[in-house]
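File shown: run_13.cif (mmCIF, C-alpha atoms and all ligand atoms).
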data_upload
#
loop_
_atom_site.label_atom_id
_atom_site.label_comp_id
_atom_site.auth_asym_id
_atom_site.auth_seq_id
_atom_site.Cartn_x
_atom_site.Cartn_y
_atom_site.Cartn_z
CA MET A 1 46.04 53.26 7.92
CA GLU A 2 42.70 54.51 6.64
CA ILE A 3 39.60 52.45 7.24
CA LEU A 4 37.23 54.53 5.10
CA TRP A 5 37.26 56.29 1.72
CA PRO A 6 34.89 59.00 0.45
CA TYR A 7 32.10 58.13 -1.97
CA GLU A 8 32.67 59.08 -5.58
CA HIS A 9 29.84 61.34 -6.79
CA GLY A 10 27.73 59.95 -3.96
CA GLU A 11 28.41 56.29 -4.81
CA PRO A 12 30.80 53.78 -3.13
CA GLY A 13 34.00 53.14 -5.12
CA ALA A 14 36.28 50.07 -4.98
CA TYR A 15 37.08 50.95 -1.34
CA TYR A 16 34.67 52.61 1.08
CA TYR A 17 34.93 50.74 4.42
CA ALA A 18 37.78 48.47 5.52
CA ARG A 19 35.64 45.62 6.83
CA TYR A 20 34.68 44.86 3.21
CA ALA A 21 37.97 45.61 1.43
CA HIS A 22 41.25 47.41 2.00
CA PRO A 23 43.91 48.07 -0.68
CA THR A 24 46.81 46.78 1.47
CA VAL A 25 44.88 43.59 2.22
CA VAL A 26 44.10 43.17 -1.48
CA GLU A 27 47.80 43.59 -2.39
CA ALA A 28 48.84 40.94 0.16
CA GLU A 29 46.08 38.64 -1.15
CA GLN A 30 47.32 39.02 -4.72
CA GLU A 31 50.88 38.13 -3.72
CA LEU A 32 49.81 35.08 -1.71
CA GLY A 33 47.36 34.01 -4.43
CA LYS A 34 50.18 34.00 -6.96
CA LEU A 35 52.30 31.78 -4.67
CA ASP A 36 49.51 29.25 -4.08
CA GLY A 37 47.98 29.36 -7.58
CA GLY A 38 44.52 30.67 -6.62
CA ASP A 39 42.42 33.50 -5.22
CA ALA A 40 43.64 34.23 -1.65
CA VAL A 41 41.33 35.68 1.00
CA LEU A 42 42.88 36.94 4.25
CA PHE A 43 41.41 36.56 7.73
CA PRO A 44 42.57 37.83 11.14
CA SER A 45 44.06 34.42 12.11
CA GLY A 46 44.28 30.86 10.84
CA THR A 47 41.45 29.98 13.20
CA GLY A 48 39.40 32.89 11.86
CA ALA A 49 39.99 31.52 8.36
CA ALA A 50 38.76 28.08 9.46
CA THR A 51 35.66 29.58 11.10
CA ALA A 52 34.84 31.66 8.03
CA LEU A 53 35.33 28.69 5.70
CA VAL A 54 32.98 26.47 7.72
CA LEU A 55 30.35 29.24 7.95
CA THR A 56 30.60 29.78 4.19
CA LEU A 57 30.39 26.14 3.10
CA LEU A 58 28.28 24.26 5.64
CA GLN A 59 24.80 24.14 7.21
CA PRO A 60 23.69 22.91 10.66
CA GLY A 61 23.69 19.08 10.60
CA ASP A 62 26.61 18.85 8.15
CA THR A 63 29.66 16.74 9.00
CA VAL A 64 33.35 17.44 8.45
CA ALA A 65 35.83 14.56 8.10
CA LEU A 66 38.88 15.89 9.91
CA ALA A 67 42.36 14.37 9.64
CA ALA A 68 43.15 12.66 12.96
CA GLY A 69 46.18 14.19 14.63
CA ALA A 70 45.72 17.53 12.85
CA TYR A 71 46.20 20.89 14.57
CA PHE A 72 44.54 20.61 17.96
CA GLY A 73 42.82 23.99 17.67
CA THR A 74 40.90 22.83 14.59
CA SER A 75 39.21 19.94 16.43
CA ARG A 76 38.50 22.27 19.36
CA LEU A 77 36.91 24.80 17.02
CA PHE A 78 34.72 22.13 15.42
CA ALA A 79 33.71 20.82 18.87
CA GLU A 80 32.69 24.36 19.88
CA LEU A 81 30.69 24.84 16.68
CA GLY A 82 28.78 21.68 17.66
CA ARG A 83 26.45 24.07 19.53
CA TRP A 84 25.55 25.45 16.08
CA GLY A 85 24.93 22.03 14.60
CA LEU A 86 28.35 21.22 13.13
CA ARG A 87 29.48 17.62 13.43
CA TYR A 88 32.91 16.20 12.78
CA VAL A 89 34.51 12.78 12.59
CA GLU A 90 38.22 12.07 12.64
CA PHE A 91 39.82 9.74 10.09
CA ASP A 92 43.24 8.53 9.02
CA GLN A 93 44.20 11.00 6.27
CA THR A 94 46.72 8.60 4.74
CA GLY A 95 43.68 6.75 3.33
CA PRO A 96 40.34 7.77 1.77
CA PRO A 97 37.79 9.91 3.69
CA PRO A 98 34.78 8.16 5.29
CA ASP A 99 31.48 8.10 3.39
CA GLY A 100 28.71 10.63 3.87
CA VAL A 101 30.48 13.84 4.90
CA GLU A 102 29.96 17.33 3.49
CA LEU A 103 33.56 18.57 3.82
CA VAL A 104 36.98 16.86 3.95
CA TRP A 105 39.65 18.60 6.06
CA LEU A 106 43.26 17.50 5.55
CA GLU A 107 46.52 18.82 6.92
CA ALA A 108 49.84 18.72 5.03
CA PRO A 109 51.76 17.66 6.99
CA SER A 110 49.72 17.31 10.19
CA ASN A 111 50.85 19.19 13.29
CA PRO A 112 52.40 17.60 15.43
CA PHE A 113 52.20 14.05 14.00
CA LEU A 114 53.58 15.00 10.59
CA THR A 115 51.54 12.58 8.47
CA MET A 116 50.89 13.48 4.83
CA PRO A 117 47.36 13.19 3.40
CA ASP A 118 46.36 10.98 0.47
CA LEU A 119 45.49 13.93 -1.78
CA ALA A 120 44.42 11.75 -4.71
CA ALA A 121 41.91 9.79 -2.59
CA ALA A 122 40.48 13.04 -1.21
CA ALA A 123 40.26 14.64 -4.66
CA ALA A 124 38.22 11.65 -5.87
CA TYR A 125 35.72 12.19 -3.03
CA PRO A 126 32.44 13.97 -3.92
CA ALA A 127 32.60 16.66 -1.16
CA PRO A 128 34.83 19.77 -1.19
CA VAL A 129 38.37 19.29 0.15
CA VAL A 130 40.33 21.72 2.33
CA VAL A 131 44.06 21.27 2.89
CA ASP A 132 45.54 23.13 5.83
CA SER A 133 48.98 23.60 4.31
CA THR A 134 50.35 25.89 7.01
CA VAL A 135 53.36 23.65 7.59
CA ALA A 136 54.08 22.83 3.92
CA THR A 137 53.78 26.49 2.79
CA PRO A 138 53.05 27.17 -0.90
CA LEU A 139 56.72 26.36 -1.59
CA GLY A 140 56.25 22.78 -0.41
CA LEU A 141 52.72 22.13 -1.72
CA ARG A 142 50.11 23.90 -3.85
CA PRO A 143 46.97 21.98 -2.85
CA LEU A 144 44.77 23.36 -5.65
CA GLU A 145 47.07 21.68 -8.19
CA HIS A 146 46.32 18.34 -6.49
CA GLY A 147 42.56 18.64 -6.82
CA ALA A 148 41.85 20.30 -3.45
CA ASP A 149 39.24 23.05 -3.46
CA TYR A 150 40.78 25.18 -0.72
CA ALA A 151 44.23 25.69 0.80
CA LEU A 152 44.20 27.12 4.30
CA HIS A 153 47.11 28.84 6.04
CA SER A 154 47.83 30.11 9.47
CA ALA A 155 49.84 33.03 8.05
CA THR A 156 50.93 33.56 11.66
CA LYS A 157 53.46 30.80 11.04
CA TYR A 158 55.85 30.54 8.04
CA LEU A 159 54.18 33.17 5.85
CA GLY A 160 54.54 35.81 8.59
CA GLY A 161 57.65 34.13 9.93
CA HIS A 162 58.81 36.69 12.52
CA ASP A 163 56.44 36.20 15.49
CA ASP A 164 54.85 39.60 14.85
CA VAL A 165 51.92 38.74 12.57
CA LEU A 166 48.59 37.09 13.42
CA LEU A 167 46.76 36.31 10.17
CA GLY A 168 45.12 33.49 8.24
CA ALA A 169 44.21 32.81 4.64
CA VAL A 170 42.06 30.61 2.47
CA VAL A 171 43.11 30.16 -1.15
CA ALA A 172 40.26 29.14 -3.45
CA ARG A 173 39.64 28.98 -7.18
CA ASP A 174 37.14 31.82 -6.62
CA GLY A 175 37.15 33.56 -3.24
CA SER A 176 34.10 35.81 -3.82
CA GLU A 177 31.71 33.85 -1.58
CA LEU A 178 34.33 33.83 1.21
CA ARG A 179 34.73 37.61 0.82
CA ARG A 180 30.97 38.11 1.02
CA VAL A 181 30.71 36.10 4.27
CA ARG A 182 33.85 37.79 5.65
CA GLY A 183 32.34 41.25 5.19
CA LEU A 184 29.02 40.18 6.73
CA THR A 185 30.49 38.39 9.75
CA GLY A 186 33.31 40.91 10.32
CA ILE A 187 36.03 38.24 10.30
CA SER A 188 38.17 40.83 8.50
CA PRO A 189 41.96 41.23 8.73
CA ALA A 190 43.74 44.39 9.91
CA ALA A 191 45.58 46.30 7.19
CA GLU A 192 48.68 46.72 9.39
CA GLN A 193 48.96 42.93 9.65
CA ALA A 194 48.56 42.57 5.88
CA ALA A 195 51.40 45.08 5.42
CA LEU A 196 53.63 42.96 7.70
CA LEU A 197 52.69 39.88 5.70
CA ARG A 198 53.78 41.60 2.46
CA ARG A 199 57.14 42.40 4.06
CA SER A 200 57.51 38.74 5.13
CA LEU A 201 56.56 37.26 1.75
CA ARG A 202 59.59 38.96 0.19
CA THR A 203 61.87 36.62 2.16
CA LEU A 204 59.65 33.52 2.28
CA GLU A 205 61.62 31.53 -0.25
CA VAL A 206 65.07 32.08 1.30
CA ARG A 207 63.73 31.51 4.81
CA VAL A 208 61.91 28.28 3.99
CA ARG A 209 64.68 26.87 1.81
CA ARG A 210 67.22 27.30 4.63
CA GLN A 211 64.82 26.06 7.33
CA VAL A 212 64.02 22.89 5.36
CA ALA A 213 67.72 22.16 4.74
CA THR A 214 68.51 22.57 8.45
CA ALA A 215 65.48 20.50 9.51
CA ALA A 216 66.68 17.58 7.38
CA VAL A 217 70.07 17.65 9.14
CA ILE A 218 68.50 17.91 12.60
CA ALA A 219 66.04 15.07 11.87
CA GLU A 220 68.88 12.80 10.79
CA ARG A 221 70.91 13.53 13.94
CA LEU A 222 67.90 13.09 16.20
CA ARG A 223 67.28 9.67 14.61
CA ALA A 224 70.79 8.62 15.58
CA HIS A 225 70.54 9.98 19.15
CA PRO A 226 70.32 7.31 21.92
CA ARG A 227 67.82 9.32 24.03
CA VAL A 228 65.38 9.81 21.13
CA ALA A 229 62.79 7.13 20.39
CA THR A 230 60.73 8.29 17.41
CA VAL A 231 61.43 11.09 14.96
CA ARG A 232 58.59 12.35 12.77
CA TYR A 233 59.75 14.34 9.77
CA PRO A 234 58.16 13.91 6.35
CA GLY A 235 61.01 15.53 4.42
CA LEU A 236 58.86 18.58 3.69
CA GLY A 237 58.74 21.80 5.68
CA SER A 238 60.80 22.44 8.80
CA LEU A 239 58.50 21.18 11.55
CA LEU A 240 59.37 17.91 13.22
CA SER A 241 58.48 16.05 16.37
CA PHE A 242 60.32 13.44 18.36
CA ASP A 243 59.79 11.42 21.52
CA VAL A 244 61.97 11.16 24.59
CA ALA A 245 61.34 8.64 27.38
CA ASP A 246 58.44 10.35 29.20
CA GLY A 247 56.86 13.64 30.24
CA GLU A 248 59.53 14.41 32.82
CA ALA A 249 62.30 13.91 30.28
CA ALA A 250 60.44 16.13 27.79
CA ARG A 251 60.12 18.84 30.44
CA ARG A 252 63.84 18.68 31.19
CA VAL A 253 64.75 18.96 27.50
CA GLU A 254 62.41 21.85 26.70
CA THR A 255 63.53 23.84 29.73
CA SER A 256 67.25 23.38 29.13
CA THR A 257 67.66 24.65 25.58
CA ARG A 258 69.42 28.01 25.35
CA LEU A 259 69.24 28.97 21.68
CA VAL A 260 65.93 27.23 20.96
CA LEU A 261 63.05 29.12 22.53
CA ASN A 262 60.66 27.14 24.76
CA ALA A 263 57.46 28.63 23.33
CA THR A 264 54.38 27.61 21.38
CA SER A 265 53.80 28.35 17.68
CA LEU A 266 55.98 27.43 14.70
CA GLY A 267 57.35 28.77 11.44
CA SER A 268 59.44 31.47 13.04
CA VAL A 269 62.96 32.63 12.15
CA ARG A 270 63.72 31.50 15.72
CA SER A 271 63.68 27.80 16.51
CA LEU A 272 60.87 26.88 18.91
CA ILE A 273 60.38 23.76 21.01
CA GLU A 274 57.54 22.62 23.24
CA SER A 275 55.99 19.55 24.75
CA ARG A 276 52.52 19.16 23.20
CA HIS A 277 51.06 16.85 25.86
CA LYS A 278 50.24 19.76 28.15
CA TRP A 279 47.91 21.15 25.45
CA GLU A 280 46.63 18.03 23.74
CA GLY A 281 46.39 15.57 26.64
CA ASP A 282 45.99 11.88 25.91
CA ARG A 283 46.03 12.11 22.16
CA CYS A 284 49.70 13.09 22.34
CA PRO A 285 52.49 10.97 23.90
CA PRO A 286 53.82 12.60 27.11
CA GLY A 287 57.38 12.47 25.77
CA LEU A 288 56.58 14.19 22.44
CA LEU A 289 58.47 17.38 21.71
CA ARG A 290 57.60 19.53 18.71
CA LEU A 291 60.48 21.42 17.16
CA SER A 292 60.09 24.19 14.62
CA VAL A 293 63.46 24.75 12.98
CA GLY A 294 64.43 28.38 12.45
CA LEU A 295 67.27 30.21 10.75
CA GLU A 296 70.05 29.65 13.27
CA GLU A 297 73.36 28.21 12.17
CA PRO A 298 72.73 24.42 11.92
CA GLU A 299 75.76 23.36 13.98
CA GLU A 300 74.90 25.81 16.76
CA LEU A 301 71.33 24.58 16.73
CA TRP A 302 72.41 20.95 16.97
CA ALA A 303 74.91 21.74 19.75
CA ASP A 304 72.08 23.32 21.76
CA LEU A 305 69.72 20.39 21.21
CA ALA A 306 72.44 17.87 21.99
CA GLN A 307 73.28 19.53 25.33
CA ALA A 308 69.55 19.69 26.20
CA LEU A 309 69.12 15.99 25.31
CA GLU A 310 71.84 15.10 27.83
CA ASN A 311 69.14 15.90 30.43
CA ALA A 312 66.51 13.62 28.84
C1 LIG B 401 48.63 27.62 14.25
C2 LIG B 401 47.87 26.78 13.31
C3 LIG B 401 46.53 27.08 13.01
C4 LIG B 401 45.79 28.22 13.68
O1 LIG B 401 46.30 29.45 13.28
P1 LIG B 401 46.20 30.80 14.17
O2 LIG B 401 46.79 31.83 13.25
O3 LIG B 401 46.99 30.58 15.42
O4 LIG B 401 44.76 31.02 14.46
C5 LIG B 401 45.87 26.27 12.09
N1 LIG B 401 46.49 25.22 11.51
C6 LIG B 401 47.76 24.90 11.77
C7 LIG B 401 48.39 23.72 11.11
C8 LIG B 401 48.50 25.66 12.69
O5 LIG B 401 49.77 25.32 12.97
#

Would you write the structure of this file as structure tokens?
Amino acid sequence: MEILWPYEHGEPGAYYYARYAHPTVVEAEQELGKLDGGDAVLFPSGTGAATALVLTLLQPGDTVALAAGAYFGTSRLFAELGRWGLRYVEFDQTGPPPDGVELVWLEAPSNPFLTMPDLAAAAAYPAPVVVDSTVATPLGLRPLEHGADYALHSATKYLGGHDDVLLGAVVARDGSELRRVRGLTGISPAAEQAALLRRSLRTLEVRVRRQVATAAVIAERLRAHPRVATVRYPGLGSLLSFDVADGEAARRVETSTRLVLNATSLGSVRSLIESRHKWEGDRCPPGLLRLSVGLEEPEELWADLAQALENA
């Protein structure tokens, strides 16, 4: 795909250099914006989107209130940006944000603890509110309609859906400031990835509808299983987590599934399972397994999980 376009009578037209704008990226942004009810801006990954959003909105010395138990990479990113003067505090997102912060960062639902934020309490807060709605997808939640200022997606997950796209997005009421910073910092998405996202968005609704229906069945059966202690599933999206006795039991379960892939990530057409303790350490119970429900036949999926749980 082209990355540059000739000037028109010596002047730049709508497109001249792909770091600033690319027609395929713009088309994907328009489609996603329609789904989420705002102005979508694409970035090369969900983490790139988070970095660009923080660089756009905040100054050194500013503090973010981050939902405790949210995506581990987000807290690691904020810790790293501490060298540039960013501070963050964690809070329980099921209640109101703490006083005196410049940005509120929620996750709907949080990954892998699956709590839902109090969107009304956050909307009443004076600072801007970001909702990472990667797991909910725009079909489960449109954060801007609940008073949030920004929805953030790792489009690598459900929006891409096939384990072949690495992209992120921020949906705002007006994305022009984000686009300006994106062009200046070079946190710009590849057009080939945007083309894959457009392909994936055509099937988003049928994929997510089926994944959510299957996840509800799996959550119910896990709750009734004698080897399973806690099941976290908010009834929205198709990500869930559950606890088995300890780390050893979790290892045995994740290494003995046959249909479910033992891999990181989520939102794929393939079901994925992994222990999160190895990444997140003490903040995550050793027996916690995160399961992203895919498009497999529900009974086959349950049969695979049930045989793996025999080893728990
Ligand atoms: C994966 C993920 C991210 C990060 O996205 P990348 O595309 O991997 O950079 C952010 N938030 C949530 C909730 C995620 O699951």

Step by step, measure atom-to-atom distances between ligand LIG 401 (chain B) and each residue using only C-alpha atoms and all ligand atoms, keep those at most 9 Å, then write them as a count of residues only. 35

Set up a box along x, y and z of the file covering all listed atoms of range 125-141 of chain A, add 8 Å on every one of the six sides, and write the centre and edge lengths in Å to one decimal, as lines of an AutoDock Vina configuration file.
center_x = 44.6
center_y = 19.7
center_z = 1.8
size_x = 40.3
size_y = 31.0
size_z = 27.5

Considering all atoms listed in the file, can you say which of A:Leu4, A:Ala169, A:Leu57, A:Leu114 comes closest to Thr230 in chain A? A:Leu114

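The residue that comes closest to Val181 in chain A, out of A:Leu53, A:Ala79, A:His162, A:Arg87 and on the basis of only C-alpha atoms, is A:Leu53.
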
What does the distance from CA of Leu58 in chain A to CA of Leu103 in chain A come to in Å, to one decimal? 8.0 Å

Show me the residues close to (64.7, 26.3, 18.8) - anything with an atom within 7 Å, counting only C-alpha atoms - and format the list as number ranges by chain. A: 259-261, 270-273, 291-294

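Put simply, CA of Glu2 in chain A is 24.2 Å away from CA of Ala52 in chain A.
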
Kindly give the distance, in Å, that separates CA of Val212 in chain A and CA of Gly237 in chain A, rounded to a single decimal. 5.4 Å

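Closest approach to Ala120 in chain A among A:Glu310, A:Asp174, A:Glu145, A:Glu274: A:Glu145, based on all atoms listed in the file.
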
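In terms of minimum interatomic distance to Leu240 in chain A, A:Ala219 ranks closest within A:Ala194, A:Leu32, A:Ala219, A:Leu184, counting only C-alpha atoms.
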
Exercise: Val104 in chain A partners within 12 Å, only C-alpha atoms, chain neighbours under 5 positions left out, as a ChimeraX atom specification: /A:54,57-58,62-68,88-93,96-99,117-119,121-132,148-151

Can you build me a table of range 189-265 of chain A residues sitting at most 12 Å from range 27-31 of chain A, with the closest atom pair per residue and its distance in Å to one decimal, using only C-alpha atoms, sorted by chain and residue number, as JSON lines?
{"residue": "A:Pro189", "atom": "CA", "partner": "A:Ala28", "partner_atom": "CA", "distance": 11.0}
{"residue": "A:Ala190", "atom": "CA", "partner": "A:Ala28", "partner_atom": "CA", "distance": 11.5}
{"residue": "A:Ala191", "atom": "CA", "partner": "A:Ala28", "partner_atom": "CA", "distance": 9.4}
{"residue": "A:Glu192", "atom": "CA", "partner": "A:Ala28", "partner_atom": "CA", "distance": 10.9}
{"residue": "A:Gln193", "atom": "CA", "partner": "A:Ala28", "partner_atom": "CA", "distance": 9.7}
{"residue": "A:Ala194", "atom": "CA", "partner": "A:Ala28", "partner_atom": "CA", "distance": 6.0}
{"residue": "A:Ala195", "atom": "CA", "partner": "A:Ala28", "partner_atom": "CA", "distance": 7.2}
{"residue": "A:Leu196", "atom": "CA", "partner": "A:Ala28", "partner_atom": "CA", "distance": 9.2}
{"residue": "A:Leu197", "atom": "CA", "partner": "A:Ala28", "partner_atom": "CA", "distance": 6.8}
{"residue": "A:Arg198", "atom": "CA", "partner": "A:Ala28", "partner_atom": "CA", "distance": 5.5}
{"residue": "A:Arg199", "atom": "CA", "partner": "A:Ala28", "partner_atom": "CA", "distance": 9.3}
{"residue": "A:Ser200", "atom": "CA", "partner": "A:Ala28", "partner_atom": "CA", "distance": 10.2}
{"residue": "A:Leu201", "atom": "CA", "partner": "A:Glu31", "partner_atom": "CA", "distance": 7.9}
{"residue": "A:Arg202", "atom": "CA", "partner": "A:Glu31", "partner_atom": "CA", "distance": 9.6}
{"residue": "A:Leu204", "atom": "CA", "partner": "A:Glu31", "partner_atom": "CA", "distance": 11.6}

Selection export as a compact mmCIF listing (two decimals), in the coordinates of the input, atoms kept: C-alpha atoms:
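Final output, selection31.txt:
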# COMPACT_ATOMS: atom_id res chain seq x y z
CA PRO A 189 41.96 41.23 8.73
CA ALA A 190 43.74 44.39 9.91
CA ALA A 191 45.58 46.30 7.19
CA GLU A 192 48.68 46.72 9.39
CA GLN A 193 48.96 42.93 9.65
CA ALA A 194 48.56 42.57 5.88
CA ALA A 195 51.40 45.08 5.42
CA LEU A 196 53.63 42.96 7.70
CA LEU A 197 52.69 39.88 5.70
CA ARG A 198 53.78 41.60 2.46
CA ARG A 199 57.14 42.40 4.06
CA SER A 200 57.51 38.74 5.13
CA LEU A 201 56.56 37.26 1.75
CA ARG A 202 59.59 38.96 0.19
CA LEU A 204 59.65 33.52 2.28

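Of the residues under consideration (A:Leu309, A:Val206, A:Ala40, A:Val217), A:Leu309 shows the shortest atom-to-atom contact distance to Thr255 in chain A when counting only C-alpha atoms.
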
Nearby residues (only C-alpha atoms) at most 9 Å from Thr56 in chain A, same-chain spacing under 4 positions excluded, as a PyMOL selection string: chain A and resi 51-52+177-178+180-182

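Protein, DNA and RNA residues at most 10 Å from (59.1, 22.6, 24.7), with all atoms listed in the file, are these: Ala250, Arg251, Arg252, Val253, Glu254, Thr255, Ser256, Thr257, Val260, Leu261, Asn262, Ala263, Thr264, Leu272, Ile273, Glu274, Ser275, Arg276, His277, Lys278, Leu288, Leu289, Arg290 and Leu291 of chain A.
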
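Each of A:Gly161, A:Gly85, A:Gly95, A:Gly235 was compared to Ala136 in chain A using only C-alpha atoms, and A:Gly235 turns out to be the nearest.
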
Against range 5-19 of chain A, which residues of range 25-99 of chain A fall within 12 Å? For each one I want the closest pair of atoms and the distance in Å (one decimal), counting all atoms listed in the file, rows by chain and increasing residue number, as CSV.
residue,atom,partner,partner_atom,distance
A:Val25,CA,A:Ala18,CA,9.2
A:Val26,CA,A:Tyr15,CA,10.5
A:Leu42,CA,A:Arg19,CA,11.6
A:Phe43,CA,A:Arg19,CA,10.8
A:Pro44,CA,A:Arg19,CA,11.3

What would range 46-54 of chain A look like with all heavy atoms in place, written as a short mmCIF file (atom, residue, chain, number, x, y, z; two decimals), in the coordinates of the input?
data_model
loop_
_atom_site.label_atom_id
_atom_site.label_comp_id
_atom_site.auth_asym_id
_atom_site.auth_seq_id
_atom_site.Cartn_x
_atom_site.Cartn_y
_atom_site.Cartn_z
N GLY A 46 44.57 32.13 11.48
CA GLY A 46 44.28 30.86 10.84
C GLY A 46 42.95 30.30 11.33
O GLY A 46 42.16 29.73 10.56
N THR A 47 42.70 30.47 12.62
CA THR A 47 41.45 29.98 13.20
C THR A 47 40.26 30.77 12.65
O THR A 47 39.20 30.20 12.39
CB THR A 47 41.54 30.07 14.73
OG1 THR A 47 42.74 29.40 15.14
CG2 THR A 47 40.36 29.43 15.40
N GLY A 48 40.45 32.07 12.48
CA GLY A 48 39.40 32.89 11.86
C GLY A 48 39.11 32.43 10.44
O GLY A 48 37.95 32.39 10.01
N ALA A 49 40.17 32.04 9.72
CA ALA A 49 39.99 31.52 8.36
C ALA A 49 39.18 30.22 8.38
O ALA A 49 38.28 30.03 7.55
CB ALA A 49 41.35 31.29 7.71
N ALA A 50 39.48 29.35 9.35
CA ALA A 50 38.76 28.08 9.46
C ALA A 50 37.29 28.33 9.79
O ALA A 50 36.38 27.73 9.20
CB ALA A 50 39.41 27.20 10.52
N THR A 51 37.04 29.25 10.72
CA THR A 51 35.66 29.58 11.10
C THR A 51 34.89 30.12 9.89
O THR A 51 33.77 29.68 9.60
CB THR A 51 35.65 30.64 12.23
OG1 THR A 51 36.39 30.13 13.33
CG2 THR A 51 34.24 30.98 12.67
N ALA A 52 35.51 31.05 9.18
CA ALA A 52 34.84 31.66 8.03
C ALA A 52 34.57 30.62 6.94
O ALA A 52 33.50 30.64 6.30
CB ALA A 52 35.69 32.79 7.47
N LEU A 53 35.51 29.70 6.75
CA LEU A 53 35.33 28.69 5.70
C LEU A 53 34.15 27.77 6.04
O LEU A 53 33.31 27.47 5.18
CB LEU A 53 36.63 27.89 5.54
CG LEU A 53 36.68 26.90 4.39
CD1 LEU A 53 36.40 27.58 3.05
CD2 LEU A 53 38.04 26.22 4.33
N VAL A 54 34.07 27.36 7.29
CA VAL A 54 32.98 26.47 7.72
C VAL A 54 31.63 27.21 7.61
O VAL A 54 30.64 26.65 7.13
CB VAL A 54 33.26 25.98 9.17
CG1 VAL A 54 32.03 25.43 9.81
CG2 VAL A 54 34.37 24.94 9.15
#
